[in-house]
>>> print(open('coords_38.txt').read())   # compact mmCIF, C-alpha atoms
# COMPACT_ATOMS: atom_id res chain seq x y z
CA MET A 1 -78.60 55.42 58.40
CA GLU A 2 -81.53 57.68 59.11
CA TRP A 3 -84.08 58.20 61.82
CA THR A 4 -86.65 60.76 62.95
CA ASP A 5 -87.56 61.25 66.59
CA ASP A 6 -88.92 63.66 69.20
CA ALA A 7 -86.11 65.21 71.20
CA ILE A 8 -85.08 67.90 73.66
CA VAL A 9 -82.05 70.07 72.90
CA LEU A 10 -79.33 69.71 75.54
CA SER A 11 -76.60 71.89 74.05
CA ALA A 12 -75.42 73.47 70.83
CA ARG A 13 -71.81 74.30 70.16
CA ARG A 14 -70.63 76.41 67.26
CA HIS A 15 -68.87 74.51 64.50
CA GLY A 16 -67.21 76.61 61.83
CA GLU A 17 -68.92 79.76 60.56
CA SER A 18 -72.54 79.01 61.21
CA GLY A 19 -72.79 75.28 61.85
CA ALA A 20 -73.56 73.73 65.22
CA VAL A 21 -72.80 70.42 66.87
CA VAL A 22 -76.03 69.77 68.72
CA HIS A 23 -76.66 67.28 71.50
CA VAL A 24 -80.24 66.20 72.03
CA LEU A 25 -82.00 63.75 74.30
CA SER A 26 -84.32 61.84 72.00
CA ALA A 27 -87.25 59.63 72.93
CA GLY A 28 -86.04 56.48 71.21
CA HIS A 29 -82.32 57.01 70.55
CA GLY A 30 -81.13 58.49 73.84
CA ARG A 31 -78.55 61.25 73.98
CA HIS A 32 -77.36 61.83 70.46
CA ALA A 33 -75.19 64.38 68.69
CA GLY A 34 -75.32 65.65 65.14
CA LEU A 35 -74.07 68.45 62.95
CA VAL A 36 -76.73 71.02 62.11
CA HIS A 37 -75.72 73.00 59.03
CA GLY A 38 -76.54 76.65 59.60
CA GLY A 39 -77.47 75.89 63.21
CA PHE A 40 -75.96 79.17 64.42
CA GLY A 41 -77.49 81.10 61.54
CA LYS A 42 -80.32 83.56 62.01
CA ALA A 43 -83.03 81.12 60.99
CA HIS A 44 -82.21 78.19 63.27
CA ARG A 45 -80.44 79.60 66.28
CA GLY A 46 -83.63 80.19 68.26
CA ALA A 47 -84.64 76.56 67.84
CA LEU A 48 -81.39 75.16 69.21
CA LEU A 49 -81.59 76.59 72.71
CA PRO A 50 -81.25 74.09 75.59
CA GLY A 51 -84.61 72.83 76.77
CA ASN A 52 -86.44 73.37 73.48
CA ARG A 53 -88.50 70.45 72.20
CA VAL A 54 -87.72 69.62 68.60
CA ARG A 55 -88.47 67.06 65.94
CA VAL A 56 -85.09 65.67 64.89
CA ARG A 57 -84.05 63.98 61.69
CA TRP A 58 -80.59 62.40 61.86
CA ARG A 59 -78.76 60.84 58.96
CA ALA A 60 -75.26 59.51 58.32
CA ARG A 61 -73.63 57.08 55.93
CA LEU A 62 -72.35 54.93 58.80
CA ALA A 63 -73.89 54.54 62.26
CA GLU A 64 -70.68 55.52 64.06
CA GLN A 65 -70.37 58.85 62.25
CA LEU A 66 -71.41 62.13 63.84
CA GLY A 67 -74.02 62.56 61.12
CA THR A 68 -76.08 65.56 60.19
CA MET A 69 -79.23 66.64 61.92
CA THR A 70 -82.16 68.85 61.13
CA CYS A 71 -84.23 70.16 64.02
CA GLU A 72 -87.73 71.51 63.68
CA LEU A 73 -88.91 73.49 66.68
CA VAL A 74 -91.92 71.96 68.43
CA ASP A 75 -92.04 73.88 71.70
CA ALA A 76 -89.90 76.91 72.62
CA VAL A 77 -89.47 76.01 76.29
CA ALA A 78 -86.29 78.09 76.73
CA ALA A 79 -87.91 81.29 75.52
CA ARG A 80 -90.72 80.93 78.08
CA ALA A 81 -88.24 80.40 80.90
CA MET A 82 -85.91 83.26 80.01
CA ASP A 83 -87.55 85.97 82.07
CA ASP A 84 -87.43 83.95 85.28
CA PRO A 85 -83.89 83.39 86.58
CA ALA A 86 -84.79 80.36 88.71
CA ARG A 87 -86.72 78.58 85.95
CA LEU A 88 -83.97 79.37 83.46
CA ALA A 89 -81.43 77.95 85.91
CA ALA A 90 -83.56 74.80 86.21
CA VAL A 91 -83.63 74.33 82.42
CA SER A 92 -79.85 74.83 82.21
CA SER A 93 -79.21 72.52 85.15
CA ALA A 94 -81.43 69.72 83.86
CA CYS A 95 -79.89 69.87 80.37
CA ALA A 96 -76.35 70.03 81.74
CA LEU A 97 -76.99 67.05 84.03
CA CYS A 98 -78.44 64.98 81.17
CA GLU A 99 -75.44 65.85 79.05
CA ALA A 100 -72.99 64.94 81.80
CA THR A 101 -74.61 61.77 83.05
CA LEU A 102 -76.48 59.98 80.26
CA PRO A 103 -74.42 57.72 78.02
CA GLU A 104 -74.46 58.62 74.34
CA ARG A 105 -76.53 56.66 71.84
CA GLN A 106 -78.24 54.42 74.39
CA PRO A 107 -82.03 54.64 74.54
CA HIS A 108 -83.20 56.20 77.81
CA GLY A 109 -86.94 56.50 77.29
CA PRO A 110 -87.74 57.14 80.97
CA ALA A 111 -85.11 59.91 81.13
CA PHE A 112 -86.64 61.59 78.08
CA LEU A 113 -90.16 61.36 79.52
CA ALA A 114 -88.99 62.64 82.90
CA LEU A 115 -87.18 65.62 81.34
CA ALA A 116 -90.22 66.41 79.17
CA ALA A 117 -92.44 66.28 82.28
CA LEU A 118 -90.06 68.58 84.15
CA LEU A 119 -90.07 71.11 81.32
CA ASP A 120 -93.87 71.01 81.23
CA ALA A 121 -94.00 71.47 85.01
CA LEU A 122 -91.90 74.66 84.81
CA GLU A 123 -95.14 76.50 84.09
CA SER A 124 -96.46 75.62 87.55
CA GLU A 125 -95.45 77.09 90.91
CA SER A 126 -94.47 73.69 92.28
CA TRP A 127 -91.64 73.18 89.78
CA PRO A 128 -88.85 73.03 92.45
CA THR A 129 -90.55 69.96 93.94
CA VAL A 130 -90.83 68.40 90.47
CA TYR A 131 -87.15 69.20 89.86
CA VAL A 132 -86.04 67.20 92.93
CA HIS A 133 -88.25 64.30 91.82
CA TRP A 134 -86.68 64.60 88.37
CA GLU A 135 -83.15 64.22 89.75
CA LEU A 136 -84.31 61.15 91.70
CA ALA A 137 -85.79 59.77 88.46
CA LEU A 138 -82.50 60.44 86.66
CA LEU A 139 -80.61 58.51 89.35
CA ARG A 140 -83.13 55.68 89.04
CA ASP A 141 -82.77 55.59 85.25
CA LEU A 142 -78.98 55.43 85.59
CA GLY A 143 -79.33 52.43 87.94
CA TYR A 144 -78.74 54.22 91.24
CA GLY A 145 -82.30 54.69 92.45
CA LEU A 146 -82.82 55.42 96.14
CA ASP A 147 -85.04 53.18 98.24
CA LEU A 148 -87.18 55.57 100.23
CA GLY A 149 -90.06 53.17 100.94
CA SER A 150 -89.02 51.68 104.26
CA CYS A 151 -86.38 51.94 106.99
CA ALA A 152 -83.15 50.07 106.20
CA ALA A 153 -82.69 49.23 109.89
CA THR A 154 -86.19 48.34 111.12
CA GLY A 155 -88.23 47.77 107.97
CA ALA A 156 -90.82 50.25 109.22
CA ASN A 157 -92.33 52.64 106.72
CA ASP A 158 -93.29 55.44 109.06
CA GLY A 159 -91.20 58.16 110.65
CA LEU A 160 -88.65 58.09 107.83
CA ALA A 161 -86.32 61.05 108.26
CA PHE A 162 -82.87 60.14 106.94
CA VAL A 163 -81.12 58.43 104.04
CA SER A 164 -78.04 56.29 104.46
CA PRO A 165 -75.23 57.72 102.30
CA ARG A 166 -73.81 54.21 101.99
CA SER A 167 -76.85 52.24 100.86
CA GLY A 168 -79.16 54.96 99.55
CA ARG A 169 -81.98 53.56 101.71
CA ALA A 170 -84.27 55.47 103.99
CA VAL A 171 -83.75 55.35 107.76
CA SER A 172 -86.40 56.12 110.37
CA ALA A 173 -85.94 58.99 112.81
CA SER A 174 -85.63 56.69 115.82
CA ALA A 175 -83.16 54.27 114.23
CA GLY A 176 -81.07 57.03 112.67
CA GLU A 177 -80.90 59.41 115.61
CA PRO A 178 -77.53 58.14 116.96
CA TRP A 179 -75.96 58.63 113.52
CA ARG A 180 -77.82 61.74 112.43
CA ASP A 181 -74.54 63.61 111.72
CA LYS A 182 -73.53 60.95 109.23
CA LEU A 183 -76.92 60.52 107.56
CA LEU A 184 -78.51 62.66 104.86
CA ALA A 185 -81.77 64.41 105.63
CA LEU A 186 -84.82 62.97 103.87
CA PRO A 187 -87.25 65.80 103.06
CA ARG A 188 -90.82 65.08 104.06
CA PHE A 189 -92.32 65.61 100.61
CA LEU A 190 -90.32 62.69 99.20
CA VAL A 191 -92.09 60.37 101.65
CA THR A 192 -95.57 61.79 101.97
CA GLY A 193 -95.89 63.45 98.58
CA GLY A 194 -97.11 66.99 98.07
CA GLU A 195 -95.06 70.11 97.69
CA GLY A 196 -91.85 70.87 99.57
CA ASP A 197 -90.98 74.22 101.12
CA ALA A 198 -87.71 76.02 100.42
CA GLY A 199 -85.83 74.20 103.20
CA GLU A 200 -87.06 70.79 102.05
CA ILE A 201 -86.18 71.55 98.43
CA ALA A 202 -82.65 72.42 99.57
CA GLN A 203 -82.48 69.13 101.51
CA GLY A 204 -83.70 67.27 98.44
CA LEU A 205 -81.03 68.84 96.24
CA VAL A 206 -78.32 67.97 98.77
CA LEU A 207 -79.60 64.38 98.78
CA THR A 208 -79.70 63.95 95.00
CA GLY A 209 -76.48 65.93 94.53
CA PHE A 210 -74.65 63.61 96.93
CA PHE A 211 -75.64 60.47 95.02
CA LEU A 212 -75.11 62.04 91.61
CA GLU A 213 -71.56 62.95 92.59
CA ARG A 214 -70.88 59.66 94.30
CA HIS A 215 -72.28 57.25 91.72
CA VAL A 216 -72.29 59.09 88.39
CA LEU A 217 -70.01 62.12 88.25
CA GLY A 218 -67.24 61.09 90.65
CA PRO A 219 -66.37 57.73 89.02
CA ASN A 220 -66.09 59.55 85.66
CA ALA A 221 -63.97 62.36 87.18
CA LEU A 222 -66.63 64.88 86.21
CA PRO A 223 -67.40 67.95 88.32
CA MET A 224 -70.95 68.87 89.23
CA PRO A 225 -72.18 71.04 86.33
CA ALA A 226 -71.86 74.75 87.13
CA ALA A 227 -75.45 75.23 85.97
CA ARG A 228 -76.70 72.94 88.74
CA SER A 229 -74.62 74.73 91.36
CA ARG A 230 -76.14 78.02 90.18
CA LEU A 231 -79.64 76.54 90.52
CA VAL A 232 -78.90 75.40 94.07
CA ASP A 233 -77.58 78.88 94.95
CA ARG A 234 -80.62 80.53 93.40
CA LEU A 235 -83.12 78.34 95.25
CA ARG A 236 -81.28 78.98 98.51
CA SER A 237 -81.40 82.78 98.11
CA MET B 238 -48.32 73.93 42.74
CA THR B 239 -47.32 76.97 44.81
CA GLY B 240 -44.38 77.98 46.99
CA PRO B 241 -44.44 77.73 50.80
CA GLU B 242 -44.99 81.49 51.16
CA ILE B 243 -48.21 81.36 49.15
CA ASP B 244 -49.35 78.19 50.92
CA ARG B 245 -48.82 79.89 54.26
CA LEU B 246 -50.72 82.95 53.12
CA ILE B 247 -53.65 80.80 51.93
CA HIS B 248 -53.57 78.79 55.14
CA LEU B 249 -53.71 81.93 57.30
CA LEU B 250 -56.40 83.60 55.20
CA ALA B 251 -58.53 80.46 55.42
CA ARG B 252 -58.64 80.90 59.19
CA LEU B 253 -60.51 84.18 58.88
CA PRO B 254 -64.28 84.17 59.37
CA GLY B 255 -66.19 83.88 56.11
CA LEU B 256 -63.25 82.40 54.20
CA GLY B 257 -62.79 78.74 53.38
CA PRO B 258 -59.85 77.21 51.52
CA ARG B 259 -61.27 78.10 48.08
CA SER B 260 -62.10 81.70 48.91
CA ALA B 261 -58.74 82.03 50.71
CA ARG B 262 -56.99 80.95 47.52
CA ARG B 263 -58.93 83.57 45.55
CA ALA B 264 -58.10 86.25 48.12
CA ALA B 265 -54.40 85.28 48.12
CA LEU B 266 -54.29 85.39 44.33
CA ARG B 267 -55.89 88.84 44.28
CA LEU B 268 -53.42 90.09 46.90
CA ILE B 269 -50.45 88.82 44.89
CA GLU B 270 -51.79 90.30 41.67
CA LYS B 271 -52.34 93.68 43.39
CA ARG B 272 -49.11 93.55 45.33
CA ASP B 273 -48.38 97.26 45.39
CA THR B 274 -51.87 98.66 45.61
CA LEU B 275 -53.47 96.13 47.96
CA MET B 276 -51.05 93.67 49.55
CA ALA B 277 -48.44 96.12 50.83
CA PRO B 278 -50.97 98.58 52.33
CA LEU B 279 -52.90 95.67 53.86
CA ALA B 280 -49.71 94.25 55.38
CA GLN B 281 -48.88 97.69 56.77
CA ALA B 282 -52.41 98.12 58.15
CA ILE B 283 -52.25 94.70 59.81
CA ALA B 284 -48.83 95.46 61.30
CA ASP B 285 -50.06 98.83 62.60
CA ALA B 286 -53.16 97.27 64.13
CA ALA B 287 -51.14 94.50 65.76
CA ASP B 288 -48.77 97.10 67.15
CA LYS B 289 -51.18 99.80 68.27
CA VAL B 290 -54.61 98.32 69.04
CA LYS B 291 -55.11 97.53 72.68
CA THR B 292 -57.93 96.63 75.02
CA CYS B 293 -59.46 99.55 76.89
CA ALA B 294 -58.74 99.13 80.60
CA ILE B 295 -62.11 100.65 81.50
CA CYS B 296 -64.64 99.01 79.20
CA GLY B 297 -62.80 96.26 77.31
CA ASN B 298 -63.30 97.81 73.86
CA PHE B 299 -60.57 97.66 71.21
CA ASP B 300 -58.93 100.94 70.24
CA SER B 301 -55.50 102.38 69.54
CA VAL B 302 -55.77 104.57 72.64
CA ASP B 303 -56.42 103.58 76.22
CA PRO B 304 -58.97 104.62 77.50
CA CYS B 305 -60.81 104.09 74.23
CA ALA B 306 -62.46 106.89 72.27
CA ILE B 307 -65.88 106.06 73.73
CA CYS B 308 -64.68 106.12 77.34
CA ALA B 309 -62.70 109.32 76.73
CA ASP B 310 -65.54 111.11 74.93
CA PRO B 311 -66.87 113.83 77.30
CA GLY B 312 -70.01 114.12 75.17
CA ARG B 313 -71.29 110.69 76.13
CA GLU B 314 -73.63 110.07 79.05
CA GLU B 315 -71.84 109.03 82.23
CA ALA B 316 -75.01 107.77 83.84
CA ALA B 317 -75.67 104.69 81.69
CA ILE B 318 -73.49 101.63 81.14
CA CYS B 319 -74.48 99.08 78.49
CA VAL B 320 -73.15 95.58 79.17
CA VAL B 321 -72.40 93.59 76.00
CA GLU B 322 -70.98 90.14 75.35
CA ASP B 323 -68.14 91.17 73.03
CA VAL B 324 -66.76 93.98 70.91
CA ALA B 325 -68.89 92.85 67.94
CA SER B 326 -71.99 93.56 70.05
CA LEU B 327 -70.56 96.95 71.01
CA TRP B 328 -70.03 97.79 67.35
CA ALA B 329 -73.61 96.69 66.58
CA MET B 330 -74.94 99.02 69.29
CA GLU B 331 -72.81 101.87 67.96
CA ARG B 332 -74.04 101.24 64.40
CA SER B 333 -77.61 101.69 65.60
CA GLY B 334 -76.73 105.10 67.06
CA SER B 335 -79.43 104.55 69.68
CA PHE B 336 -77.21 104.55 72.75
CA ARG B 337 -75.01 107.46 73.82
CA GLY B 338 -73.69 106.12 77.12
CA ARG B 339 -70.67 104.00 78.04
CA TYR B 340 -70.10 100.28 77.52
CA HIS B 341 -68.78 97.32 79.41
CA VAL B 342 -67.52 94.37 77.36
CA LEU B 343 -67.77 91.05 79.23
CA GLY B 344 -65.62 89.09 76.80
CA GLY B 345 -67.94 86.05 76.90
CA LEU B 346 -70.94 84.53 78.63
CA LEU B 347 -71.37 82.10 81.48
CA SER B 348 -70.97 78.76 79.77
CA ALA B 349 -70.46 75.33 81.24
CA LEU B 350 -69.54 74.00 77.79
CA ASP B 351 -66.74 76.49 77.31
CA GLY B 352 -65.70 76.50 80.97
CA VAL B 353 -66.47 80.20 81.42
CA GLY B 354 -67.38 81.04 85.00
CA PRO B 355 -68.10 84.35 86.74
CA GLU B 356 -64.39 84.91 87.40
CA GLU B 357 -63.54 84.94 83.70
CA LEU B 358 -66.13 87.61 82.88
CA GLY B 359 -64.61 90.47 84.86
CA VAL B 360 -67.86 91.23 86.64
CA GLY B 361 -65.87 92.76 89.51
CA ARG B 362 -64.74 95.62 87.24
CA LEU B 363 -68.35 96.24 86.24
CA LEU B 364 -69.44 96.38 89.90
CA ASP B 365 -66.70 98.91 90.63
CA ARG B 366 -67.93 101.08 87.75
CA ALA B 367 -71.58 100.70 88.77
CA ARG B 368 -70.80 101.89 92.32
CA ASP B 369 -69.67 105.25 90.92
CA PRO B 370 -72.23 107.83 92.15
CA GLY B 371 -72.49 109.23 88.61
CA VAL B 372 -73.87 105.93 87.24
CA GLY B 373 -77.65 105.56 87.41
CA GLU B 374 -78.46 102.69 85.07
CA VAL B 375 -76.88 99.49 83.80
CA ILE B 376 -78.42 98.09 80.61
CA LEU B 377 -77.87 94.36 80.11
CA ALA B 378 -77.59 93.81 76.35
CA THR B 379 -76.56 90.15 76.38
CA PRO B 380 -77.94 87.81 73.69
CA ALA B 381 -81.46 86.39 73.97
CA THR B 382 -80.10 82.89 74.47
CA VAL B 383 -80.07 80.64 77.53
CA GLU B 384 -76.41 81.50 78.19
CA GLY B 385 -76.95 85.19 77.50
CA GLN B 386 -79.91 85.49 79.83
CA THR B 387 -78.30 83.32 82.51
CA THR B 388 -75.38 85.77 82.45
CA ALA B 389 -77.78 88.74 82.57
CA HIS B 390 -79.62 87.34 85.60
CA TYR B 391 -76.31 86.64 87.33
CA ILE B 392 -75.06 90.19 86.74
CA ALA B 393 -78.42 91.64 87.81
CA ASP B 394 -78.11 89.75 91.11
CA ARG B 395 -74.59 91.05 91.65
CA LEU B 396 -75.70 94.62 90.88
CA ALA B 397 -78.61 94.45 93.32
CA ASP B 398 -76.79 96.31 96.09
CA CYS B 399 -75.03 98.85 93.85
CA GLY B 400 -77.94 101.29 93.93
CA VAL B 401 -78.40 101.46 90.16
CA ARG B 402 -81.38 100.74 87.93
CA VAL B 403 -80.80 97.48 86.05
CA SER B 404 -82.62 97.04 82.74
CA GLY B 405 -82.46 94.63 79.81
CA LEU B 406 -83.11 94.88 76.10
CA ALA B 407 -86.65 94.01 74.98
CA HIS B 408 -87.20 90.70 73.17
CA GLY B 409 -89.82 90.33 70.49
CA VAL B 410 -90.89 91.06 66.93
CA PRO B 411 -88.01 92.54 64.88
CA VAL B 412 -88.62 95.62 62.76
CA GLY B 413 -89.92 94.38 59.40
CA GLY B 414 -90.76 90.98 60.88
CA GLU B 415 -93.98 89.18 60.01
CA LEU B 416 -95.58 87.08 62.73
CA ASP B 417 -96.09 84.16 60.35
CA HIS B 418 -92.33 83.81 59.92
CA LEU B 419 -91.36 84.10 63.58
CA ASP B 420 -90.65 81.16 65.85
CA ASP B 421 -93.01 80.43 68.76
CA GLY B 422 -90.47 81.54 71.37
CA THR B 423 -90.06 84.99 69.86
CA ILE B 424 -93.81 85.46 69.57
CA SER B 425 -94.41 84.41 73.18
CA ALA B 426 -91.61 86.76 74.34
CA ALA B 427 -93.21 89.57 72.32
CA VAL B 428 -96.63 88.90 73.87
CA ARG B 429 -95.14 88.96 77.36
CA ALA B 430 -93.34 92.23 76.60
CA ARG B 431 -96.36 93.90 74.99
CA ARG B 432 -96.84 97.61 75.67
CA THR B 433 -99.80 99.94 75.92
CA PHE B 434 -100.51 102.09 72.85
>>> encode(input="coords_38.txt", output="structure tokens")
Amino acid sequence: MEWTDDAIVLSARRHGESGAVVHVLSAGHGRHAGLVHGGFGKAHRGALLPGNRVRVRWRARLAEQLGTMTCELVDAVAARAMDDPARLAAVSSACALCEATLPERQPHGPAFLALAALLDALESESWPTVYVHWELALLRDLGYGLDLGSCAATGANDGLAFVSPRSGRAVSASAGEPWRDKLLALPRFLVTGGEGDAGEIAQGLVLTGFFLERHVLGPNALPMPAARSRLVDRLRS
Amino acid sequence: MTGPEIDRLIHLLARLPGLGPRSARRAALRLIEKRDTLMAPLAQAIADAADKVKTCAICGNFDSVDPCAICADPGREEAAICVVEDVASLWAMERSGSFRGRYHVLGGLLSALDGVGPEELGVGRLLDRARDPGVGEVILATPATVEGQTTAHYIADRLADCGVRVSGLAHGVPVGGELDHLDDGTISAAVRARRTF
């Protein structure tokens, strides 16, 4: 068994003296693990940082084995983000969420493309907005996409201000007003497009965090990754 | 092939860093052959270390005295504290001879994979030390990895109201390094951290 693919490093864990068990999100093979000989050695350690784009070659005698991996660095995303605490937190959070939520060895092309787009967008000032969109895309790819196009109660597509925590559908301001305490706020930028301000980004993260916990993490008894909580704290401060 | 005592010795030696089963067998054989000149003194040294080495209550370093020799040394600068991941990093800094201040050993890095959170790192002790009026600078010497820098940013945030200068080690071209052999991330970090000649 052998394949070569573009991938993004999600995590690397030391194995033995200098080896590493590396998890990547690949374009065609989904989240995949492999043993990288010498991965924690001087020559390769810099390539195996979360968020880095790599060219992966995986091989094993049998498909169900862990297999060995070689990773050639394509783009050192992590190194560029290291000086900025918020961007670094975003890289860590996105990688941790992919690791926690995506099933292993199942192709998730859209998730790979979305993560690659997020990592590219970290260079821009509007990256927090892109990050919220990325979490929505992750939910969609996992089968729990939110319907933010029209009001669940009236069918109208204007004045949308809330999201029903039960159905994941948008609710207009007028229809949702009596239940506003029970509904989740829908930030404006998710309806009209454009860039969200700090308050709207926080609302967006509450929205996506609620559905990630409810549909993906909770049923698997997984806590919200600490890296994501740190990102939320950092964007709030 | 061998008795249980030798098997146990090989098994324990093989758990040391740098030794696999084959090299552990070679080491065990050499120890047995040099029983009087090597094995007995080594056993005594290990027993002494196990008995006497403790963790410094101030900085987290290993030494046979508490506070450790570095913390107790009046010749070292009181004003600077260098924060390192572990004792190996402290030893590396000491080998360089470039830092004459005090240390603070975190004992790990923030890591979701290993379940290490802020509480496990003993950051509270560092904040207490940093609030000492005699301390003017905290140098964050954590690794240039995502976990290392995440930890550094976290500590820098916590130190913000302690009234100390917070600095970090530079990242870039190593001494003797050729650009052609460096990875893109290191080169871009070096370009960002360029200095005026």
>>> residues_around(input="coords_38.txt", residues="Val24 in chain A", least_positions_apart="2", cutoff="7 Å", atoms="only C-alpha atoms", output="short mmCIF file (atom, residue, chain, number, x, y, z; two decimals) with C-alpha atoms, keeping the file's coordinate frame")
data_model
loop_
_atom_site.label_atom_id
_atom_site.label_comp_id
_atom_site.auth_asym_id
_atom_site.auth_seq_id
_atom_site.Cartn_x
_atom_site.Cartn_y
_atom_site.Cartn_z
CA ALA A 7 -86.11 65.21 71.20
CA ILE A 8 -85.08 67.90 73.66
CA VAL A 9 -82.05 70.07 72.90
CA LEU A 10 -79.33 69.71 75.54
CA VAL A 22 -76.03 69.77 68.72
CA SER A 26 -84.32 61.84 72.00
CA ARG A 31 -78.55 61.25 73.98
CA HIS A 32 -77.36 61.83 70.46
CA ALA A 33 -75.19 64.38 68.69
#
>>> atom_distance(input="coords_38.txt", atom1="CA of Val216 in chain A", atom2="CA of His108 in chain A")
15.5 Å
>>> interface_residues(input="coords_38.txt", of="chain B", to="chain A", cutoff="12 Å", atoms="only C-alpha atoms", output="compact mmCIF listing (two decimals) with C-alpha atoms, keeping the file's coordinate frame")
# COMPACT_ATOMS: atom_id res chain seq x y z
CA ALA B 251 -58.53 80.46 55.42
CA ARG B 252 -58.64 80.90 59.19
CA LEU B 253 -60.51 84.18 58.88
CA PRO B 254 -64.28 84.17 59.37
CA GLY B 255 -66.19 83.88 56.11
CA LEU B 256 -63.25 82.40 54.20
CA GLY B 257 -62.79 78.74 53.38
CA LEU B 347 -71.37 82.10 81.48
CA SER B 348 -70.97 78.76 79.77
CA ALA B 349 -70.46 75.33 81.24
CA LEU B 350 -69.54 74.00 77.79
CA ASP B 351 -66.74 76.49 77.31
CA GLY B 352 -65.70 76.50 80.97
CA VAL B 353 -66.47 80.20 81.42
CA GLY B 354 -67.38 81.04 85.00
CA PRO B 355 -68.10 84.35 86.74
CA PRO B 380 -77.94 87.81 73.69
CA ALA B 381 -81.46 86.39 73.97
CA THR B 382 -80.10 82.89 74.47
CA VAL B 383 -80.07 80.64 77.53
CA GLU B 384 -76.41 81.50 78.19
CA GLY B 385 -76.95 85.19 77.50
CA GLN B 386 -79.91 85.49 79.83
CA THR B 387 -78.30 83.32 82.51
CA THR B 388 -75.38 85.77 82.45
CA ALA B 389 -77.78 88.74 82.57
CA HIS B 390 -79.62 87.34 85.60
CA TYR B 391 -76.31 86.64 87.33
CA ILE B 392 -75.06 90.19 86.74
CA ALA B 393 -78.42 91.64 87.81
CA ASP B 394 -78.11 89.75 91.11
CA GLY B 405 -82.46 94.63 79.81
CA LEU B 406 -83.11 94.88 76.10
CA ALA B 407 -86.65 94.01 74.98
CA HIS B 408 -87.20 90.70 73.17
CA GLY B 409 -89.82 90.33 70.49
CA HIS B 418 -92.33 83.81 59.92
CA LEU B 419 -91.36 84.10 63.58
CA ASP B 420 -90.65 81.16 65.85
CA ASP B 421 -93.01 80.43 68.76
CA GLY B 422 -90.47 81.54 71.37
CA THR B 423 -90.06 84.99 69.86
CA ILE B 424 -93.81 85.46 69.57
CA SER B 425 -94.41 84.41 73.18
CA ALA B 426 -91.61 86.76 74.34
CA ALA B 427 -93.21 89.57 72.32
CA VAL B 428 -96.63 88.90 73.87
CA ARG B 429 -95.14 88.96 77.36
CA ALA B 430 -93.34 92.23 76.60
>>> residues_around(input="coords_38.txt", residues="Leu268 in chain B", least_positions_apart="6", cutoff="9 Å", atoms="all atoms listed in the file", output="list in words")
Thr274, Leu275, Met276, Ala277 and Leu279 of chain B
>>> residues_around(input="coords_38.txt", residues="range 116-130 of chain A", least_positions_apart="2", cutoff="10 Å", atoms="only C-alpha atoms", output="PyMOL selection string")
chain A and resi 7-8+25+27+51-53+77-78+80-81+86-88+90-91+94+110-114+132-136+189-190+193-198+200-202+204-205+235
>>> residues_around(input="coords_38.txt", residues="range 328-330 of chain B", least_positions_apart="3", cutoff="12 Å", atoms="all atoms listed in the file", output="list of chain:residue names")
B:Asn298, B:Phe299, B:Asp300, B:Ile307, B:Cys319, B:Val320, B:Val321, B:Glu322, B:Asp323, B:Val324, B:Ala325, B:Ser333, B:Gly334, B:Ser335, B:Phe336, B:Arg337, B:Gly338, B:Arg339, B:Tyr340, B:His341, B:Val342, B:Ile376, B:Ala378, B:Thr379, B:Leu406
>>> write_last_selection(input="coords_38.txt", atoms="C-alpha atoms", output="mmCIF file, in the coordinates of the input")
data_model
loop_
_atom_site.group_PDB
_atom_site.id
_atom_site.type_symbol
_atom_site.label_atom_id
_atom_site.label_comp_id
_atom_site.auth_asym_id
_atom_site.auth_seq_id
_atom_site.Cartn_x
_atom_site.Cartn_y
_atom_site.Cartn_z
ATOM 1 C CA ASN B 298 -63.300 97.810 73.860
ATOM 2 C CA PHE B 299 -60.570 97.660 71.210
ATOM 3 C CA ASP B 300 -58.930 100.940 70.240
ATOM 4 C CA ILE B 307 -65.880 106.060 73.730
ATOM 5 C CA CYS B 319 -74.480 99.080 78.490
ATOM 6 C CA VAL B 320 -73.150 95.580 79.170
ATOM 7 C CA VAL B 321 -72.400 93.590 76.000
ATOM 8 C CA GLU B 322 -70.980 90.140 75.350
ATOM 9 C CA ASP B 323 -68.140 91.170 73.030
ATOM 10 C CA VAL B 324 -66.760 93.980 70.910
ATOM 11 C CA ALA B 325 -68.890 92.850 67.940
ATOM 12 C CA SER B 333 -77.610 101.690 65.600
ATOM 13 C CA GLY B 334 -76.730 105.100 67.060
ATOM 14 C CA SER B 335 -79.430 104.550 69.680
ATOM 15 C CA PHE B 336 -77.210 104.550 72.750
ATOM 16 C CA ARG B 337 -75.010 107.460 73.820
ATOM 17 C CA GLY B 338 -73.690 106.120 77.120
ATOM 18 C CA ARG B 339 -70.670 104.000 78.040
ATOM 19 C CA TYR B 340 -70.100 100.280 77.520
ATOM 20 C CA HIS B 341 -68.780 97.320 79.410
ATOM 21 C CA VAL B 342 -67.520 94.370 77.360
ATOM 22 C CA ILE B 376 -78.420 98.090 80.610
ATOM 23 C CA ALA B 378 -77.590 93.810 76.350
ATOM 24 C CA THR B 379 -76.560 90.150 76.380
ATOM 25 C CA LEU B 406 -83.110 94.880 76.100
#
>>> atom_distance(input="coords_38.txt", atom1="CA of Cys399 in chain B", atom2="CA of Glu374 in chain B")
10.2 Å
>>> residues_around(input="coords_38.txt", residues="Ser164 in chain A", least_positions_apart="4", cutoff="12 Å", atoms="only C-alpha atoms", output="PyMOL selection string")
chain A and resi 146-148+150-153+160+168-173+175-177+179-186+207+210-211
>>> axis_aligned_box(input="coords_38.txt", around="range 207-215 of chain A", padding_each_side="4 Å", output="lines of an AutoDock Vina configuration file")
center_x = -75.3
center_y = 61.6
center_z = 95.2
size_x = 16.8
size_y = 16.7
size_z = 15.2
